[in-house]
>>> print(open('coords-v1.pdb').read())   # PDB, C-alpha atoms
ATOM      1  CA  MET C   1      -6.851  20.074 -15.325
ATOM      2  CA  SER C   2      -5.202  18.735 -12.239
ATOM      3  CA  MET C   3      -1.520  18.652 -11.737
ATOM      4  CA  VAL C   4       0.338  16.049  -9.621
ATOM      5  CA  ARG C   5       3.252  17.552  -7.794
ATOM      6  CA  SER C   6       6.015  15.104  -6.933
ATOM      7  CA  SER C   7       8.444  15.609  -4.122
ATOM      8  CA  ILE C   8      11.820  14.062  -3.493
ATOM      9  CA  VAL C   9      12.716  13.263   0.097
ATOM     10  CA  THR C  10      16.347  14.114   0.705
ATOM     11  CA  GLU C  11      18.241  12.020   3.233
ATOM     12  CA  PRO C  12      19.506  14.163   6.120
ATOM     13  CA  ILE C  13      23.216  14.980   6.058
ATOM     14  CA  TYR C  14      23.828  13.284   9.404
ATOM     15  CA  ARG C  15      22.374  10.037   8.024
ATOM     16  CA  ARG C  16      24.683  10.150   4.991
ATOM     17  CA  ILE C  17      27.652  10.668   7.306
ATOM     18  CA  ALA C  18      26.483   7.868   9.605
ATOM     19  CA  GLN C  19      25.985   5.518   6.642
ATOM     20  CA  ASP C  20      29.496   6.236   5.390
ATOM     21  CA  LEU C  21      30.969   5.571   8.837
ATOM     22  CA  ARG C  22      28.915   2.375   9.074
ATOM     23  CA  ARG C  23      30.287   1.275   5.705
ATOM     24  CA  ARG C  24      33.828   1.832   6.998
ATOM     25  CA  ILE C  25      33.024  -0.160  10.142
ATOM     26  CA  ARG C  26      31.483  -3.049   8.187
ATOM     27  CA  SER C  27      34.413  -3.155   5.752
ATOM     28  CA  GLY C  28      36.980  -3.302   8.543
ATOM     29  CA  ASP C  29      38.469   0.074   7.746
ATOM     30  CA  LEU C  30      37.367   0.995  11.280
ATOM     31  CA  PRO C  31      37.814  -2.327  13.135
ATOM     32  CA  PRO C  32      36.387  -3.217  16.579
ATOM     33  CA  GLY C  33      38.120  -1.284  19.328
ATOM     34  CA  ARG C  34      39.286   1.506  16.985
ATOM     35  CA  GLN C  35      38.563   5.033  18.122
ATOM     36  CA  LEU C  36      36.588   7.191  15.721
ATOM     37  CA  PRO C  37      38.318  10.375  14.555
ATOM     38  CA  PRO C  38      37.598  13.263  16.979
ATOM     39  CA  GLU C  39      34.792  15.722  16.235
ATOM     40  CA  PRO C  40      37.009  18.453  14.688
ATOM     41  CA  GLU C  41      38.484  15.945  12.262
ATOM     42  CA  LEU C  42      35.053  14.590  11.311
ATOM     43  CA  LYS C  43      33.742  18.144  10.811
ATOM     44  CA  THR C  44      36.560  18.816   8.358
ATOM     45  CA  LEU C  45      36.287  15.419   6.657
ATOM     46  CA  TYR C  46      32.554  15.737   5.989
ATOM     47  CA  ASN C  47      32.345  19.547   5.830
ATOM     48  CA  ALA C  48      29.581  19.428   8.433
ATOM     49  CA  SER C  49      28.601  21.263  11.598
ATOM     50  CA  ARG C  50      29.289  20.019  15.106
ATOM     51  CA  ASN C  51      25.616  19.200  15.695
ATOM     52  CA  THR C  52      25.422  17.226  12.460
ATOM     53  CA  ILE C  53      28.451  15.143  13.453
ATOM     54  CA  ARG C  54      26.962  14.544  16.881
ATOM     55  CA  ASP C  55      23.672  13.414  15.313
ATOM     56  CA  ALA C  56      25.604  10.973  13.113
ATOM     57  CA  ILE C  57      27.455   9.564  16.142
ATOM     58  CA  LYS C  58      24.167   9.264  18.018
ATOM     59  CA  TRP C  59      22.699   7.280  15.113
ATOM     60  CA  LEU C  60      25.683   4.903  15.189
ATOM     61  CA  LYS C  61      25.306   4.473  18.960
ATOM     62  CA  ASN C  62      21.579   3.755  18.673
ATOM     63  CA  ASN C  63      22.362   1.060  16.125
ATOM     64  CA  GLY C  64      24.937  -0.576  18.385
ATOM     65  CA  LEU C  65      27.950   0.203  16.205
ATOM     66  CA  VAL C  66      29.890   2.501  18.518
ATOM     67  CA  GLU C  67      30.075   3.383  22.198
ATOM     68  CA  THR C  68      31.197   6.580  23.901
ATOM     69  CA  ARG C  69      33.602   6.245  26.805
ATOM     70  CA  PRO C  70      33.608   9.303  29.078
ATOM     71  CA  GLY C  71      36.876  11.187  28.857
ATOM     72  CA  GLN C  72      38.238   8.913  26.106
ATOM     73  CA  GLY C  73      36.153   9.252  22.956
ATOM     74  CA  THR C  74      33.948   7.121  20.716
ATOM     75  CA  PHE C  75      34.996   3.572  19.843
ATOM     76  CA  VAL C  76      33.812   0.867  17.448
ATOM     77  CA  VAL C  77      32.200  -1.971  19.404
ATOM     78  CA  ASP C  78      32.907  -5.656  18.906
ATOM     79  CA  ARG C  79      30.369  -7.299  16.621
ATOM     80  CA  ILE C  80      28.585 -10.084  18.451
ATOM     81  CA  ASN C  81      28.069 -13.298  16.526
ATOM     82  CA  PRO C  82      24.378 -14.026  17.263
ATOM     83  CA  PHE C  83      23.242 -17.473  18.309
ATOM     84  CA  VAL C  84      20.087 -19.061  16.902
ATOM     85  CA  THR C  85      18.029 -21.092  19.377
ATOM     86  CA  THR C  86      15.428 -23.540  18.061
ATOM     87  CA  LEU C  87      12.328 -23.313  20.268
ATOM     88  CA  SER C  88      10.223 -25.950  18.534
ATOM     89  CA  PRO C  89      10.133 -29.388  20.217
ATOM     90  CA  ASP C  90      12.448 -32.252  19.395
ATOM     91  CA  PRO C  91      10.380 -34.735  17.330
ATOM     92  CA  GLU C  92      11.754 -37.712  19.298
ATOM     93  CA  THR C  93      11.584 -36.458  22.891
ATOM     94  CA  GLY C  94       8.919 -33.763  22.582
ATOM     95  CA  LEU C  95      11.073 -31.498  24.745
ATOM     96  CA  GLY C  96      11.446 -27.872  23.725
ATOM     97  CA  GLY C  97      14.689 -26.256  22.678
ATOM     98  CA  GLY C  98      16.618 -23.690  24.682
ATOM     99  CA  GLU C  99      16.724 -25.711  27.890
ATOM    100  CA  GLY C 100      19.203 -27.995  29.607
ATOM    101  CA  GLU C 101      21.443 -30.315  27.648
ATOM    102  CA  ALA C 102      19.361 -29.847  24.483
ATOM    103  CA  ALA C 103      20.405 -26.195  24.435
ATOM    104  CA  PHE C 104      24.063 -27.045  25.010
ATOM    105  CA  ALA C 105      23.983 -29.720  22.304
ATOM    106  CA  GLU C 106      22.684 -27.150  19.825
ATOM    107  CA  VAL C 107      25.500 -24.773  20.783
ATOM    108  CA  ARG C 108      28.129 -27.498  20.291
ATOM    109  CA  GLU C 109      26.618 -28.489  16.928
ATOM    110  CA  ARG C 110      27.304 -24.955  15.740
ATOM    111  CA  GLY C 111      30.969 -25.246  16.739
ATOM    112  CA  ARG C 112      30.705 -22.985  19.762
ATOM    113  CA  VAL C 113      31.436 -23.537  23.447
ATOM    114  CA  PRO C 114      28.606 -23.454  26.023
ATOM    115  CA  SER C 115      28.990 -23.168  29.784
ATOM    116  CA  ARG C 116      26.865 -22.273  32.775
ATOM    117  CA  SER C 117      27.076 -21.572  36.469
ATOM    118  CA  ALA C 118      26.137 -24.075  39.130
ATOM    119  CA  PRO C 119      22.404 -23.773  39.811
ATOM    120  CA  GLN C 120      21.290 -21.431  42.559
ATOM    121  CA  VAL C 121      18.479 -23.132  44.466
ATOM    122  CA  ALA C 122      16.029 -21.256  46.693
ATOM    123  CA  VAL C 123      12.615 -21.665  48.303
ATOM    124  CA  GLN C 124      10.408 -18.675  47.456
ATOM    125  CA  THR C 125       6.784 -17.606  47.586
ATOM    126  CA  ALA C 126       4.864 -17.552  44.321
ATOM    127  CA  THR C 127       3.760 -14.176  42.965
ATOM    128  CA  GLY C 128       2.715 -12.694  39.610
ATOM    129  CA  ASN C 129       3.376 -14.857  36.572
ATOM    130  CA  VAL C 130       4.756 -17.724  38.662
ATOM    131  CA  ALA C 131       1.540 -18.118  40.633
ATOM    132  CA  ALA C 132      -0.661 -17.485  37.587
ATOM    133  CA  ARG C 133       1.100 -19.944  35.267
ATOM    134  CA  LEU C 134       1.374 -22.683  37.905
ATOM    135  CA  ARG C 135      -2.278 -22.058  38.899
ATOM    136  CA  ILE C 136      -1.466 -21.771  42.595
ATOM    137  CA  PRO C 137      -2.425 -19.073  45.114
ATOM    138  CA  GLU C 138       0.010 -16.208  45.600
ATOM    139  CA  GLY C 139       2.164 -16.852  48.656
ATOM    140  CA  THR C 140       2.399 -20.610  47.983
ATOM    141  CA  GLN C 141       5.921 -21.979  48.413
ATOM    142  CA  VAL C 142       7.815 -22.814  45.218
ATOM    143  CA  LEU C 143      11.332 -24.016  44.528
ATOM    144  CA  SER C 144      13.497 -22.074  42.065
ATOM    145  CA  ARG C 145      16.606 -23.228  40.189
ATOM    146  CA  HIS C 146      18.574 -20.433  38.490
ATOM    147  CA  TRP C 147      21.494 -20.511  36.024
ATOM    148  CA  GLU C 148      23.763 -18.004  34.307
ATOM    149  CA  ARG C 149      24.622 -19.294  30.821
ATOM    150  CA  PHE C 150      27.438 -18.396  28.432
ATOM    151  CA  ILE C 151      28.493 -19.028  24.830
ATOM    152  CA  ASP C 152      32.226 -18.668  24.090
ATOM    153  CA  ALA C 153      32.523 -17.084  27.568
ATOM    154  CA  THR C 154      30.077 -14.295  26.572
ATOM    155  CA  PRO C 155      26.962 -13.948  28.758
ATOM    156  CA  TRP C 156      24.195 -15.582  26.718
ATOM    157  CA  SER C 157      21.105 -15.987  28.877
ATOM    158  CA  LEU C 158      19.653 -16.189  32.369
ATOM    159  CA  GLN C 159      17.296 -19.055  33.118
ATOM    160  CA  THR C 160      15.123 -19.737  36.163
ATOM    161  CA  THR C 161      12.679 -22.611  36.636
ATOM    162  CA  PHE C 162      10.015 -22.687  39.350
ATOM    163  CA  TYR C 163       8.418 -25.883  40.687
ATOM    164  CA  PRO C 164       5.617 -26.308  43.252
ATOM    165  CA  MET C 165       7.097 -27.476  46.558
ATOM    166  CA  ASP C 166       4.571 -30.323  46.477
ATOM    167  CA  LEU C 167       6.870 -32.089  44.004
ATOM    168  CA  VAL C 168       9.674 -32.087  46.587
ATOM    169  CA  ARG C 169       7.316 -33.315  49.315
ATOM    170  CA  GLN C 170       6.263 -36.157  46.999
ATOM    171  CA  GLY C 171       9.882 -37.317  46.743
ATOM    172  CA  ALA C 172      11.643 -35.231  44.059
ATOM    173  CA  VAL C 173      14.301 -34.157  46.573
ATOM    174  CA  GLN C 174      17.044 -33.889  43.922
ATOM    175  CA  LEU C 175      15.465 -30.613  42.826
ATOM    176  CA  MET C 176      16.760 -29.056  46.053
ATOM    177  CA  VAL C 177      20.398 -30.024  45.435
ATOM    178  CA  PRO C 178      22.458 -27.109  44.004
ATOM    179  CA  ASP C 179      23.960 -29.258  41.265
ATOM    180  CA  ASP C 180      23.060 -30.251  37.717
ATOM    181  CA  ILE C 181      20.563 -33.091  37.403
ATOM    182  CA  PRO C 182      21.808 -35.727  34.915
ATOM    183  CA  GLY C 183      19.398 -35.909  31.993
ATOM    184  CA  GLY C 184      17.542 -32.802  33.144
ATOM    185  CA  SER C 185      14.690 -32.208  35.563
ATOM    186  CA  VAL C 186      11.926 -33.342  33.196
ATOM    187  CA  ASP C 187      13.493 -36.812  32.858
ATOM    188  CA  TYR C 188      14.218 -36.875  36.595
ATOM    189  CA  LEU C 189      10.603 -36.092  37.517
ATOM    190  CA  ARG C 190       9.402 -38.848  35.201
ATOM    191  CA  GLU C 191      11.720 -41.365  36.895
ATOM    192  CA  ALA C 192      11.153 -40.127  40.465
ATOM    193  CA  LEU C 193       7.409 -39.452  40.410
ATOM    194  CA  GLY C 194       6.121 -40.926  37.166
ATOM    195  CA  LEU C 195       5.335 -37.378  36.082
ATOM    196  CA  ARG C 196       5.436 -37.062  32.293
ATOM    197  CA  GLN C 197       5.481 -33.765  30.427
ATOM    198  CA  VAL C 198       2.802 -33.913  27.732
ATOM    199  CA  GLY C 199       3.293 -30.433  26.315
ATOM    200  CA  TYR C 200       4.452 -26.904  26.898
ATOM    201  CA  ARG C 201       3.424 -23.376  26.011
ATOM    202  CA  ASP C 202       5.863 -20.551  25.243
ATOM    203  CA  ARG C 203       4.885 -16.943  25.851
ATOM    204  CA  ILE C 204       7.422 -14.461  24.436
ATOM    205  CA  VAL C 205       7.687 -10.926  25.805
ATOM    206  CA  VAL C 206      10.037  -8.132  24.676
ATOM    207  CA  ARG C 207      10.940  -5.521  27.292
ATOM    208  CA  THR C 208      13.724  -3.278  28.541
ATOM    209  CA  PRO C 209      16.355  -4.923  30.785
ATOM    210  CA  ASP C 210      16.393  -4.330  34.519
ATOM    211  CA  GLU C 211      19.555  -3.238  36.310
ATOM    212  CA  ARG C 212      20.688  -6.757  37.176
ATOM    213  CA  GLU C 213      20.284  -7.921  33.570
ATOM    214  CA  SER C 214      22.100  -4.872  32.173
ATOM    215  CA  LEU C 215      25.068  -5.548  34.449
ATOM    216  CA  PHE C 216      25.234  -9.281  33.688
ATOM    217  CA  PHE C 217      24.941  -8.898  29.911
ATOM    218  CA  HIS C 218      27.071  -5.705  29.792
ATOM    219  CA  LEU C 219      24.275  -3.820  28.038
ATOM    220  CA  PRO C 220      24.191  -0.044  27.478
ATOM    221  CA  ASP C 221      22.302   1.682  30.273
ATOM    222  CA  ASP C 222      19.974   3.592  27.941
ATOM    223  CA  GLY C 223      17.766   0.552  27.279
ATOM    224  CA  ARG C 224      18.325   0.517  23.511
ATOM    225  CA  VAL C 225      19.102  -3.234  23.568
ATOM    226  CA  PRO C 226      15.856  -4.981  24.558
ATOM    227  CA  ILE C 227      15.461  -8.227  26.436
ATOM    228  CA  VAL C 228      13.508 -11.206  25.069
ATOM    229  CA  SER C 229      11.845 -13.117  27.895
ATOM    230  CA  ILE C 230      10.475 -16.588  27.159
ATOM    231  CA  MET C 231       8.008 -17.982  29.694
ATOM    232  CA  ARG C 232       7.700 -21.719  29.114
ATOM    233  CA  THR C 233       4.999 -23.538  31.063
ATOM    234  CA  GLY C 234       5.353 -27.341  31.136
ATOM    235  CA  TYR C 235       2.224 -29.473  31.505
ATOM    236  CA  ARG C 236       1.694 -32.989  32.874
ATOM    237  CA  ALA C 237      -1.244 -35.275  32.233
ATOM    238  CA  SER C 238      -4.118 -35.538  34.741
ATOM    239  CA  ASP C 239      -7.711 -36.737  34.814
ATOM    240  CA  GLU C 240      -8.781 -33.087  34.403
ATOM    241  CA  GLY C 241      -6.490 -32.530  31.406
ATOM    242  CA  PRO C 242      -3.050 -30.889  31.167
ATOM    243  CA  VAL C 243      -1.869 -29.416  34.492
ATOM    244  CA  PRO C 244       1.149 -27.089  34.856
ATOM    245  CA  PHE C 245       4.028 -28.423  36.930
ATOM    246  CA  ARG C 246       6.868 -26.006  36.091
ATOM    247  CA  ILE C 247       7.500 -22.606  34.567
ATOM    248  CA  THR C 248      10.858 -21.617  33.084
ATOM    249  CA  PHE C 249      11.867 -18.014  32.425
ATOM    250  CA  THR C 250      14.662 -17.628  29.875
ATOM    251  CA  VAL C 251      16.031 -14.106  29.494
ATOM    252  CA  LEU C 252      18.043 -13.324  26.340
ATOM    253  CA  PRO C 253      19.469  -9.992  25.151
ATOM    254  CA  ALA C 254      18.335  -9.211  21.613
ATOM    255  CA  ASP C 255      21.808  -8.187  20.412
ATOM    256  CA  ARG C 256      23.183 -11.758  20.561
ATOM    257  CA  ASN C 257      20.185 -14.060  20.225
ATOM    258  CA  GLN C 258      17.780 -15.075  17.490
ATOM    259  CA  LEU C 259      14.899 -17.550  17.797
ATOM    260  CA  VAL C 260      13.584 -20.120  15.307
ATOM    261  CA  ILE C 261      10.373 -22.159  15.388
ATOM    262  CA  ASN C 262      10.046 -24.949  12.828
ATOM    263  CA  SER C 263       6.696 -26.148  11.536
ATOM    264  CA  GLY C 264       6.072 -28.956   9.069
ATOM    265  CA  GLU C 265       8.774 -30.217   6.723
ATOM    266  CA  VAL C 266      11.945 -28.111   6.828
ATOM    267  CA  PRO C 267      15.599 -28.829   5.942
ATOM    268  CA  ALA C 268      17.481 -30.895   8.498
ATOM    269  CA  ALA C 269      20.272 -28.302   8.713
ATOM    270  CA  ARG C 270      20.097 -25.809  11.543
ATOM    271  CA  ALA C 271      18.793 -22.364  10.655
ATOM    272  CA  ALA C 272      21.514 -19.784  10.127
ATOM    273  CA  ALA C 273      21.554 -16.422  11.845
ATOM    274  CA  ALA C 274      19.749 -13.656   9.993
ATOM    275  CA  ARG C 275      21.817 -10.654   8.938
ATOM    276  CA  SER C 276      21.199  -7.445  10.846
ATOM    277  CA  ASP C 277      22.452  -5.096   8.120
TER     278      ASP C 277
END
>>> encode(input="coords-v1.pdb", output="structure tokens")
Amino acid sequence: MSMVRSSIVTEPIYRRIAQDLRRRIRSGDLPPGRQLPPEPELKTLYNASRNTIRDAIKWLKNNGLVETRPGQGTFVVDRINPFVTTLSPDPETGLGGGEGEAAFAEVRERGRVPSRSAPQVAVQTATGNVAARLRIPEGTQVLSRHWERFIDATPWSLQTTFYPMDLVRQGAVQLMVPDDIPGGSVDYLREALGLRQVGYRDRIVVRTPDERESLFFHLPDDGRVPIVSIMRTGYRASDEGPVPFRITFTVLPADRNQLVINSGEVPAARAAAARSD
């Protein structure tokens, strides 16, 4: 006769304390900017050891609910209202979401305020993904256009597009002007060179932020908030089939961005942000 022995997994004490503090944060009892009670007070409140309290605080930090300021204490962080970007193409234009005026229109439709820096334009040499995606030898000259983008004055994304310099030599000189191009670069290239985008491919990579990204997005320096990097390669028609003519890198911190791709028949209303709790 065999016997089945059941076991009950007990939640660690620090997790129960952390869950209770999270409940107080979510309910507004501990609002954004409020300092958590000091360690001695939490030890008494929860009848727990110092290490247990510290483990609970660490759990809250890892989940983005609190931050520790050296010499001051631990504070509840502001909850970021995430923005949902639709990556699937517009059925009328065929252009993908998340770029140019289409991205700003989506932000405005949601009742929020978009803004961006003036483009930074530079001539560079192609390396790595830029050379590979544009199918050009490393060291070939390319033109880059870079923007810092904001929603409600909060850093939202970084975006850089690379073009082969051949497009400029063929007459698309507006790409070199450090100003916005009315209608966007894809429309401009169609008008200036007769170059029509026939499709695009998105490659999505999740990674830790580099130092520049951490500073711009005001991310914690321990890497717990990852970066979502979207590499979008745009293709034009040719006798040999689709040929790449641009690659756009969009960098978004995961704590304030969500992505949606529509397929088939879906409601006309924009997708709402998914809850994180």
>>> resolve_selection(input="coords-v1.pdb", expression="the PyMOL selection byres ((chain C and resi 130-145) around 9)", output="JSON list (two decimals) with C-alpha atoms, keeping the file's coordinate frame")
[["chain", "number", "residue", "atom", "x", "y", "z"],
["C", 119, "PRO", "CA", 22.40, -23.77, 39.81],
["C", 120, "GLN", "CA", 21.29, -21.43, 42.56],
["C", 121, "VAL", "CA", 18.48, -23.13, 44.47],
["C", 122, "ALA", "CA", 16.03, -21.26, 46.69],
["C", 123, "VAL", "CA", 12.62, -21.66, 48.30],
["C", 124, "GLN", "CA", 10.41, -18.68, 47.46],
["C", 125, "THR", "CA", 6.78, -17.61, 47.59],
["C", 126, "ALA", "CA", 4.86, -17.55, 44.32],
["C", 127, "THR", "CA", 3.76, -14.18, 42.96],
["C", 128, "GLY", "CA", 2.72, -12.69, 39.61],
["C", 129, "ASN", "CA", 3.38, -14.86, 36.57],
["C", 146, "HIS", "CA", 18.57, -20.43, 38.49],
["C", 147, "TRP", "CA", 21.49, -20.51, 36.02],
["C", 159, "GLN", "CA", 17.30, -19.06, 33.12],
["C", 160, "THR", "CA", 15.12, -19.74, 36.16],
["C", 161, "THR", "CA", 12.68, -22.61, 36.64],
["C", 162, "PHE", "CA", 10.02, -22.69, 39.35],
["C", 163, "TYR", "CA", 8.42, -25.88, 40.69],
["C", 164, "PRO", "CA", 5.62, -26.31, 43.25],
["C", 165, "MET", "CA", 7.10, -27.48, 46.56],
["C", 166, "ASP", "CA", 4.57, -30.32, 46.48],
["C", 168, "VAL", "CA", 9.67, -32.09, 46.59],
["C", 175, "LEU", "CA", 15.46, -30.61, 42.83],
["C", 176, "MET", "CA", 16.76, -29.06, 46.05],
["C", 178, "PRO", "CA", 22.46, -27.11, 44.00],
["C", 233, "THR", "CA", 5.00, -23.54, 31.06],
["C", 243, "VAL", "CA", -1.87, -29.42, 34.49],
["C", 244, "PRO", "CA", 1.15, -27.09, 34.86],
["C", 245, "PHE", "CA", 4.03, -28.42, 36.93],
["C", 246, "ARG", "CA", 6.87, -26.01, 36.09],
["C", 247, "ILE", "CA", 7.50, -22.61, 34.57]]
>>> atom_distance(input="coords-v1.pdb", atom1="CA of Arg224 in chain C", atom2="CA of Thr208 in chain C")
7.8 Å
>>> closest_residue(input="coords-v1.pdb", among="C:Asp180, C:Gly97, C:Phe104, C:Ser49", to="Asp202 in chain C", atoms="all atoms listed in the file")
C:Gly97
>>> residues_around(input="coords-v1.pdb", residues="Ala254 in chain C", least_positions_apart="5", cutoff="7 Å", atoms="all atoms listed in the file", output="PyMOL selection string")
chain C and resi 225-228
>>> atom_distance(input="coords-v1.pdb", atom1="CA of Glu109 in chain C", atom2="CA of Thr154 in chain C")
17.5 Å
>>> residues_around(input="coords-v1.pdb", residues="range 7-24 of chain C", least_positions_apart="5", cutoff="9 Å", atoms="only C-alpha atoms", output="VMD selection string")
chain C and resid 29 to 31 46 48 51 to 60 65
>>> resolve_selection(input="coords-v1.pdb", expression="the PyMOL selection byres ((chain C and resi 209) around 10)", output="list in words")
Val206, Arg207, Thr208, Asp210, Glu211, Arg212, Glu213, Ser214, Leu215, Phe217, Leu219, Pro220, Asp221, Asp222, Gly223, Arg224, Val225, Pro226, Ile227, Val228, Ser229, Val251, Leu252 and Pro253 of chain C
>>> residues_around(input="coords-v1.pdb", residues="Arg196 in chain C", least_positions_apart="5", cutoff="12 Å", atoms="only C-alpha atoms", output="ChimeraX atom specification")
/C:93-95,185-191,234-238,242-246
>>> closest_residue(input="coords-v1.pdb", among="C:Arg108, C:Arg270, C:Arg26, C:Arg34", to="Glu67 in chain C", atoms="all atoms listed in the file")
C:Arg34
